[in-house]
>>> print(open('run-v3.cif').read())   # mmCIF, C-alpha atoms and all ligand atoms
data_input
loop_
_atom_site.label_atom_id
_atom_site.label_comp_id
_atom_site.auth_asym_id
_atom_site.auth_seq_id
_atom_site.Cartn_x
_atom_site.Cartn_y
_atom_site.Cartn_z
CA MET L 544 105.09 111.44 85.96
CA LYS L 545 106.46 113.34 88.92
CA ILE L 546 106.32 112.07 92.47
CA LEU L 547 107.53 113.25 95.88
CA GLN L 548 110.48 111.49 97.48
CA ALA L 549 111.98 111.75 100.96
CA THR L 550 115.21 113.71 100.79
CA SER L 551 117.93 114.86 103.13
CA LEU L 552 118.60 117.79 100.77
CA ASP L 553 118.11 121.04 102.68
CA ASN L 554 116.97 119.06 105.73
CA GLY L 555 118.54 120.61 108.81
CA ALA L 556 118.53 124.13 107.34
CA ARG L 557 115.67 124.91 109.70
CA GLY L 558 115.94 124.30 113.41
CA ASP L 559 112.68 122.39 113.47
CA ASP L 560 113.56 119.97 110.65
CA TYR L 561 113.38 116.23 111.08
CA ASN L 562 113.94 113.30 108.75
CA TRP L 563 113.21 109.74 109.80
CA CYS L 564 112.32 108.49 106.32
CA ILE L 565 114.27 106.21 104.03
CA GLU L 566 116.14 108.40 101.53
CA GLY L 567 114.31 108.32 98.21
CA GLU L 568 111.14 106.58 99.35
CA ILE L 569 107.85 107.96 98.02
CA VAL L 570 106.22 110.36 100.45
CA THR L 571 102.74 111.79 100.64
CA PHE L 572 100.80 113.95 103.04
CA GLY L 573 99.97 112.29 106.32
CA PHE L 574 97.25 112.90 108.82
CA ILE L 575 97.63 115.89 111.10
CA CYS L 576 96.87 115.37 114.77
CA ASP L 577 94.69 117.62 116.93
CA ARG L 578 97.72 118.67 118.98
CA ASP L 579 99.35 120.23 115.91
CA ARG L 580 96.06 121.68 114.68
CA ARG L 581 95.50 123.46 118.01
CA ASP L 582 99.06 124.65 118.53
CA PRO L 583 101.41 124.10 115.57
CA GLU L 584 104.33 125.86 117.27
CA ASN L 585 104.21 123.47 120.22
CA GLY L 586 102.66 120.39 118.65
CA CYS L 587 104.38 117.23 117.53
CA GLY L 588 105.42 118.69 114.16
CA CYS L 589 103.29 116.42 111.96
CA SER L 590 101.77 119.46 110.21
CA ARG L 591 105.26 120.15 108.75
CA GLY L 592 105.88 116.58 107.65
CA PHE L 593 105.59 114.33 104.64
CA SER L 594 104.78 110.71 105.32
CA GLY L 595 106.96 107.91 103.93
CA LEU L 596 104.91 105.23 102.21
CA ALA L 597 107.39 102.44 102.98
CA SER L 598 108.79 103.41 106.39
CA HIS L 599 105.65 105.07 107.81
CA HIS L 600 108.05 107.66 109.19
CA ALA L 601 108.14 111.36 108.36
CA THR L 602 110.38 114.09 107.00
CA THR L 603 110.09 117.85 106.60
CA THR L 604 111.71 117.82 103.14
CA ALA L 605 110.51 116.24 99.91
CA LEU L 606 112.16 116.17 96.50
CA VAL L 607 110.03 116.49 93.38
CA ARG L 608 111.29 113.86 90.97
CA ALA L 609 110.27 112.84 87.45
CA THR L 610 110.11 109.05 87.24
CA THR L 611 109.08 106.34 84.83
CA LEU L 612 106.56 105.01 87.36
CA SER L 613 102.97 104.84 86.15
CA GLU L 614 100.04 106.23 88.09
CA ASP L 615 98.97 102.62 88.76
CA ASP L 616 102.41 101.92 90.29
CA VAL L 617 102.14 104.90 92.62
CA ARG L 618 98.51 104.14 93.45
CA LEU L 619 99.50 100.62 94.49
CA ALA L 620 102.24 102.06 96.72
CA VAL L 621 99.75 104.46 98.35
CA GLU L 622 97.11 101.75 98.81
CA SER L 623 99.64 99.30 100.28
CA SER L 624 100.95 101.93 102.67
CA LEU L 625 97.50 102.96 103.89
CA SER L 626 96.55 99.31 104.28
CA ASP L 627 99.79 98.43 106.11
CA GLY L 628 99.28 101.41 108.40
CA GLY L 629 95.82 100.12 109.31
CA TRP L 630 94.02 103.18 107.96
CA LEU L 631 91.74 101.29 105.60
CA ARG L 632 90.65 98.86 108.34
CA SER L 633 90.60 101.01 111.44
CA LEU L 634 88.24 103.55 109.94
CA SER L 635 85.79 100.77 109.00
CA LEU L 636 85.61 102.06 105.46
CA SER L 637 83.51 100.44 102.78
CA PRO L 638 85.51 99.32 99.72
CA GLN L 639 84.27 102.43 97.90
CA GLU L 640 85.29 104.71 100.77
CA ALA L 641 88.70 103.03 100.96
CA ASP L 642 89.17 103.54 97.21
CA ARG L 643 88.23 107.19 97.59
CA MET L 644 90.73 107.63 100.44
CA VAL L 645 93.48 106.10 98.30
CA ASP L 646 92.49 108.28 95.33
CA GLU L 647 92.41 111.48 97.38
CA THR L 648 95.80 110.73 98.95
CA LEU L 649 97.27 109.91 95.54
CA ASP L 650 95.70 112.82 93.68
CA PHE L 651 96.84 115.46 96.16
CA MET L 652 100.41 114.17 96.14
CA LEU L 653 100.51 113.97 92.33
CA ASP L 654 98.97 117.44 91.94
CA VAL L 655 101.63 118.93 94.22
CA ALA L 656 104.44 117.06 92.43
CA GLU L 657 103.13 118.19 89.03
CA TYR L 658 103.10 121.83 90.14
CA TYR L 659 106.85 122.03 90.83
CA ASP L 660 109.88 121.52 88.58
CA ASP L 661 111.76 118.23 88.71
CA GLY L 662 114.49 118.57 91.33
CA THR L 663 112.74 121.10 93.54
CA VAL L 664 112.93 120.51 97.30
CA ILE L 665 109.68 121.46 99.00
CA GLY L 666 108.35 121.82 102.51
CA THR L 667 104.81 121.69 103.81
CA SER L 668 102.68 123.35 106.44
CA PHE L 669 99.19 121.96 106.89
CA ASP L 670 97.60 122.03 103.41
CA CYS L 671 100.22 124.35 101.87
CA THR L 672 103.55 123.57 100.23
CA TYR L 673 106.46 125.86 99.47
CA VAL L 674 109.86 125.81 97.76
CA ARG L 675 112.82 125.18 100.04
CA ARG L 676 115.39 124.77 97.29
CA HIS L 677 114.84 125.48 93.61
CA SER L 678 115.68 122.84 91.09
CA THR L 679 119.19 123.09 89.71
CA THR L 680 118.38 120.82 86.76
CA SER L 681 115.71 122.99 85.11
CA VAL L 682 116.30 126.12 83.07
ZN ZN L 701 100.92 115.52 115.27
#
>>> encode(input="run-v3.cif", output="structure tokens", more="lines below")
Ligand SMILES: [Zn+2]
Amino acid sequence: MKILQATSLDNGARGDDYNWCIEGEIVTFGFICDRDRRDPENGCGCSRGFSGLASHHATTTALVRATTLSEDDVRLAVESSLSDGGWLRSLSLSPQEADRMVDETLDFMLDVAEYYDDGTVIGTSFDCTYVRRHSTTSV
């Protein structure tokens, strides 16, 4: 299955790039603050970022990568990250609501990863993603 990983590839090509993630860690889509929703050009930049599951930091570039990880492996990583970040507690979610939050976070990330070729570098803006660098490994 394909996943999204933090990458430094193509990062810095845009003046508003940032990358505070651990290279290669699994990333997903984080929460977007009201400041960015109201004024993306002058917000904090979170609407352009992917969220690192391990570091809890962000990057504007993600690499689509085919791995041998199972969906259960990636789900555990997502659940652990959301739990570590306090999201599953602070929102006072029921166990069913917490499971749904994990599933929605996982499903969106996996759907995006599945859409692109292995090796593609992508960017994001709110709920959209786009190619920053085409895969050089696919034909
Ligand atoms: Zn923000």
>>> residues_around(input="run-v3.cif", residues="range 602-616 of chain L", least_positions_apart="4", cutoff="7 Å", atoms="all atoms listed in the file", output="list in words")
Met544, Lys545, Ile546, Leu547, Gln548, Ala549, Thr550, Ser551, Asn554, Asp560, Tyr561, Asn562, Trp563, Cys564, Arg591, Gly592, Phe593, Ser594, Ala620, Ala656, Tyr659, Asp660, Asp661, Gly662, Thr663, Val664, Ile665 and Gly666 of chain L
>>> residues_near_ligand(input="run-v3.cif", ligand="ligand ZN 701 (chain L)", cutoff="8 Å", atoms="all atoms listed in the file", output="list in words")
Phe574, Ile575, Cys576, Asp577, Arg578, Asp579, Arg580, Gly586, Cys587, Gly588, Cys589 and Ser590 of chain L
>>> residues_around(input="run-v3.cif", residues="Ala597 in chain L", least_positions_apart="4", cutoff="10 Å", atoms="all atoms listed in the file", output="mmCIF file with C-alpha atoms, in the coordinates of the input")
data_model
loop_
_atom_site.group_PDB
_atom_site.id
_atom_site.type_symbol
_atom_site.label_atom_id
_atom_site.label_comp_id
_atom_site.auth_asym_id
_atom_site.auth_seq_id
_atom_site.Cartn_x
_atom_site.Cartn_y
_atom_site.Cartn_z
ATOM 1 C CA CYS L 564 112.320 108.490 106.320
ATOM 2 C CA ILE L 565 114.270 106.210 104.030
ATOM 3 C CA GLU L 568 111.140 106.580 99.350
ATOM 4 C CA ILE L 569 107.850 107.960 98.020
ATOM 5 C CA VAL L 570 106.220 110.360 100.450
ATOM 6 C CA ALA L 620 102.240 102.060 96.720
ATOM 7 C CA VAL L 621 99.750 104.460 98.350
ATOM 8 C CA SER L 623 99.640 99.300 100.280
ATOM 9 C CA SER L 624 100.950 101.930 102.670
ATOM 10 C CA LEU L 625 97.500 102.960 103.890
ATOM 11 C CA ASP L 627 99.790 98.430 106.110
ATOM 12 C CA GLY L 628 99.280 101.410 108.400
#
>>> closest_residue(input="run-v3.cif", among="L:Arg675, L:His600, L:Arg643, L:Arg581", to="Glu566 in chain L", atoms="only C-alpha atoms")
L:His600
>>> axis_aligned_box(input="run-v3.cif", around="range 647-660 of chain L", padding_each_side="4 Å", output="JSON")
{"center_x": 101.1, "center_y": 116.0, "center_z": 93.8, "size_x": 25.5, "size_y": 20.1, "size_z": 18.4}
>>> closest_residue(input="run-v3.cif", among="L:Arg557, L:Tyr658, L:Arg618, L:Leu649", to="Thr672 in chain L", atoms="all atoms listed in the file")
L:Tyr658
>>> closest_residue(input="run-v3.cif", among="L:Gln639, L:Thr667, L:Asn585, L:Ser626", to="Thr571 in chain L", atoms="all atoms listed in the file")
L:Thr667
>>> closest_residue(input="run-v3.cif", among="L:Cys671, L:Ala641, L:Val655, L:Leu552", to="Gly629 in chain L", atoms="all atoms listed in the file")
L:Ala641
>>> atom_distance(input="run-v3.cif", atom1="CA of Leu634 in chain L", atom2="CA of Glu647 in chain L")
15.4 Å
>>> atom_distance(input="run-v3.cif", atom1="CA of Gly595 in chain L", atom2="CA of Asp650 in chain L")
16.0 Å
>>> closest_residue(input="run-v3.cif", among="L:Asp559, L:Val617, L:Thr679, L:Gly567", to="Pro583 in chain L", atoms="only C-alpha atoms")
L:Asp559
>>> closest_residue(input="run-v3.cif", among="L:Ser598, L:Phe669, L:Arg632, L:Glu622", to="Asp646 in chain L", atoms="only C-alpha atoms")
L:Glu622
>>> atom_distance(input="run-v3.cif", atom1="CA of Thr648 in chain L", atom2="CA of Gly573 in chain L")
8.6 Å
